[in-house]
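Structure data (mmCIF, C-alpha atoms) from target_8.cif:
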```cif
data_start
#
loop_
_atom_site.label_atom_id
_atom_site.label_comp_id
_atom_site.auth_asym_id
_atom_site.auth_seq_id
_atom_site.Cartn_x
_atom_site.Cartn_y
_atom_site.Cartn_z
CA MET A 19 109.97 84.33 88.82
CA PRO A 20 111.67 87.29 87.22
CA HIS A 21 108.66 89.62 87.29
CA LEU A 22 108.12 89.08 91.02
CA ASN A 23 111.68 90.16 91.76
CA GLN A 24 111.28 93.15 89.46
CA VAL A 25 108.12 94.20 91.29
CA TYR A 26 109.90 94.01 94.65
CA ASP A 27 112.82 96.03 93.24
CA ALA A 28 110.42 98.68 91.92
CA LEU A 29 108.51 98.81 95.23
CA ALA A 30 111.76 99.39 97.11
CA GLY A 31 111.92 102.82 95.49
CA CYS A 32 108.38 103.79 96.55
CA PRO A 33 106.97 105.00 99.86
CA GLU A 34 105.80 102.01 101.92
CA ASN A 35 102.09 102.74 101.43
CA GLY A 36 102.32 104.33 97.99
CA PRO A 37 101.74 106.09 95.81
CA PHE A 38 103.19 103.58 93.40
CA GLY A 39 104.34 104.65 89.97
CA ASP A 40 103.09 103.43 86.62
CA ALA A 41 106.12 101.15 86.34
CA VAL A 42 104.97 99.18 89.41
CA PHE A 43 101.48 98.74 87.96
CA ARG A 44 102.90 97.58 84.62
CA LEU A 45 105.15 95.08 86.39
CA VAL A 46 102.25 93.76 88.46
CA ASP A 47 100.20 93.33 85.28
CA ALA A 48 103.12 91.39 83.74
CA LEU A 49 103.36 89.27 86.89
CA ILE A 50 99.65 88.41 86.67
CA LEU A 51 100.12 87.37 83.03
CA GLU A 52 103.19 85.31 83.96
CA MET A 53 101.58 83.54 86.92
CA GLY A 54 97.92 83.43 85.91
CA GLU A 55 95.19 84.47 88.32
CA GLU A 56 94.29 81.09 89.82
CA GLY A 57 95.78 80.75 93.30
CA ILE A 58 97.97 83.80 92.74
CA ALA A 59 97.88 85.03 96.35
CA ASP A 60 99.31 81.80 97.75
CA ARG A 61 101.82 81.52 94.93
CA VAL A 62 103.09 85.08 95.45
CA VAL A 63 103.56 84.48 99.19
CA ASP A 64 105.20 81.09 98.59
CA ALA A 65 107.59 82.52 95.98
CA THR A 66 108.59 85.51 98.12
CA PRO A 67 111.86 85.19 100.04
CA SER A 68 111.46 85.44 103.81
CA ALA A 69 113.68 88.55 103.86
CA VAL A 70 111.02 90.53 101.95
CA PRO A 71 108.83 92.47 104.40
CA TRP A 72 105.20 91.38 104.66
CA SER A 73 104.17 94.95 103.78
CA GLN A 74 105.67 94.54 100.30
CA ILE A 75 103.66 91.35 99.76
CA ALA A 76 100.53 93.21 100.87
CA ASN A 77 101.35 96.03 98.44
CA ILE A 78 101.65 93.62 95.50
CA LEU A 79 98.46 91.76 96.38
CA GLY A 80 96.67 95.05 97.05
CA ILE A 81 97.51 96.22 93.53
CA MET A 82 96.50 92.82 92.15
CA ILE A 83 93.09 93.07 93.79
CA TRP A 84 92.28 95.92 91.44
CA SER A 85 94.18 94.47 88.47
CA THR A 86 92.70 90.97 88.20
CA THR A 87 89.61 90.20 86.14
CA ASP A 88 87.48 89.61 89.25
CA ASN A 89 88.95 92.57 91.17
CA GLY A 90 90.54 90.06 93.49
CA ALA A 91 87.21 89.03 94.97
CA ASP A 92 87.36 85.32 94.33
CA GLY A 93 91.08 84.80 94.30
CA ILE A 94 93.06 87.15 96.47
CA VAL A 95 90.44 88.25 99.01
CA ARG A 96 89.16 84.69 99.53
CA ALA A 97 92.73 83.42 99.99
CA ALA A 98 93.36 86.15 102.56
CA GLU A 99 90.18 85.19 104.40
CA ASN A 100 91.34 81.57 104.44
CA TRP A 101 94.69 82.65 105.91
CA LEU A 102 92.84 84.45 108.70
CA VAL A 103 90.52 81.52 109.42
CA ASP A 104 93.49 79.15 109.46
CA ALA A 105 95.58 81.61 111.54
CA LYS A 106 98.62 79.30 111.46
CA ASP A 107 100.92 81.55 109.43
CA GLU A 108 101.53 84.92 111.07
CA ARG A 109 103.07 86.39 107.93
CA ARG A 110 100.03 85.48 105.83
CA ALA A 111 97.77 86.92 108.54
CA PHE A 112 99.77 90.18 108.50
CA VAL A 113 99.37 90.38 104.74
CA ALA A 114 95.64 89.59 104.91
CA LEU A 115 95.08 92.39 107.40
CA HIS A 116 96.79 94.96 105.17
CA LEU A 117 95.04 94.56 101.82
CA ASP A 118 92.92 97.74 102.15
CA VAL A 119 89.70 95.70 102.06
CA TYR A 120 87.68 94.31 104.91
CA PRO A 121 87.87 90.54 105.04
CA PHE A 122 84.54 88.71 105.03
CA THR A 123 81.29 90.17 103.75
CA ASP A 124 79.68 89.48 107.13
CA PRO A 125 80.97 91.88 109.81
CA SER A 126 80.11 89.46 112.63
CA GLN A 127 82.18 86.72 110.98
CA MET A 128 85.07 89.15 110.64
CA LYS A 129 84.82 90.04 114.32
CA VAL A 130 84.89 86.37 115.40
CA VAL A 131 87.77 85.44 113.10
CA LEU A 132 89.87 88.49 113.97
CA GLY A 133 89.25 87.86 117.66
CA ARG A 134 90.70 84.38 117.18
CA VAL A 135 93.64 85.74 115.17
CA SER A 136 94.33 88.21 118.01
CA SER A 137 94.48 85.44 120.57
CA ILE A 138 96.75 83.25 118.44
CA HIS A 139 99.02 86.10 117.30
CA PRO A 140 99.13 88.81 120.01
CA SER A 141 101.35 90.94 117.77
CA LEU A 142 98.32 91.36 115.48
CA ALA A 143 95.81 92.20 118.23
CA GLU A 144 95.95 95.99 117.78
CA THR A 145 95.57 95.71 114.02
CA CYS A 146 92.61 93.36 114.41
CA LYS A 147 90.99 95.64 116.98
CA ALA A 148 91.47 98.69 114.75
CA MET A 149 89.96 96.89 111.75
CA ILE A 150 86.91 95.79 113.75
CA SER A 151 86.44 99.30 115.12
CA SER A 152 86.83 100.88 111.68
CA ARG A 153 84.25 98.57 110.16
CA GLU A 154 81.78 99.21 112.98
CA LYS A 155 82.11 102.95 112.38
CA ASN A 156 81.51 102.48 108.66
CA GLU A 157 78.46 100.23 109.02
#
```

Using structure tokens, write down the structure that the file contains.
Amino acid sequence: MPHLNQVYDALAGCPENGPFGDAVFRLVDALILEMGEEGIADRVVDATPSAVPWSQIANILGIMIWSTTDNGADGIVRAAENWLVDAKDERRAFVALHLDVYPFTDPSQMKVVLGRVSSIHPSLAETCKAMISSREKNE
């Protein structure tokens, strides 16, 4: 997938959490056209070499959330929620927790699922706790 590699190359020249230049957004748009929107979150993760940091995957999917026709709601966000419910793949869980959106429309469901993720992946416990706390403050 040539566009995916180009996006990772472009992201390497940006600060980890942005801002990202116009070139990155154009490359992400080209990647969406190349891959199509259906199942794109899983396909991006599957096509990404293990040497690429999870934060770069989260950056690409975070941009895609705002670049897809449904603003990522049905595709990317739902896939991320499924990764958290499943909680088998720590890398996918890391990505899901760093998409700059709260997973799950129901805060109580988020709290239950993230509590489970924390127990399965202790390395994610602080991130889960911070997300729960942040959402409670914003409710």

Quick one: which region 59-83 of chain A residues come within 12 Å of region 25-33 of chain A, and what is the nearest atom pair for each with the distance in Å to one decimal, counting only C-alpha atoms, rows ordered by chain and ascending number, as CSV?
```
residue,atom,partner,partner_atom,distance
A:Val62,CA,A:Val25,CA,11.2
A:Ala65,CA,A:Tyr26,CA,11.8
A:Thr66,CA,A:Tyr26,CA,9.3
A:Pro67,CA,A:Tyr26,CA,10.5
A:Ala69,CA,A:Tyr26,CA,11.4
A:Val70,CA,A:Tyr26,CA,8.2
A:Pro71,CA,A:Tyr26,CA,9.9
A:Trp72,CA,A:Tyr26,CA,11.4
A:Ser73,CA,A:Leu29,CA,10.3
A:Gln74,CA,A:Tyr26,CA,7.1
A:Ile75,CA,A:Tyr26,CA,8.5
A:Ala76,CA,A:Leu29,CA,11.3
A:Asn77,CA,A:Leu29,CA,8.3
A:Ile78,CA,A:Val25,CA,7.7
A:Leu79,CA,A:Val25,CA,11.2
A:Ile81,CA,A:Val25,CA,11.0
A:Met82,CA,A:Val25,CA,11.7
```

- Message: Here is a test: counting only C-alpha atoms, which residue of A:Asp60, A:Glu108, A:Glu55, A:Asp92 is nearest to Ser141 (chain A)?
- Response: A:Glu108

- Task: Could you expand the PyMOL selection byres ((chain A and resi 128) around 12) into the explicit residues it covers here, written as a PyMOL selection string?
- Result: chain A and resi 98-100+102-103+115+119-127+129-136+146-147+149-154

- Smallest atom-to-atom distance to Ala59 (chain A): which of A:Ile94, A:Leu142, A:Ala114, A:Ala148, using all atoms listed in the file? A:Ile94

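Going from CA of Lys106 (chain A) over to CA of Arg61 (chain A), you cover 17.0 Å.
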
- Item | Given the PyMOL selection byres ((chain A and resi 52) around 12), the residues it picks as JSON, numbers by chain | {"A": [19, 20, 21, 22, 45, 46, 47, 48, 49, 50, 51, 53, 54, 55, 56, 58, 61, 62]}

- Task: Using only C-alpha atoms, find the one residue out of A:Ser137, A:Ser68, A:Ser85, A:Thr145 that sits nearest to Arg44 (chain A).
- Result: A:Ser85

- Task: Give me, please, the distance in Å between CA of Ala41 (chain A) and CA of Phe112 (chain A), quoted to one decimal.
- Result: 25.5 Å

- Task: Find the distance between CA of His116 (chain A) and CA of Phe38 (chain A) and write it in Å to one decimal.
- Result: 15.9 Å
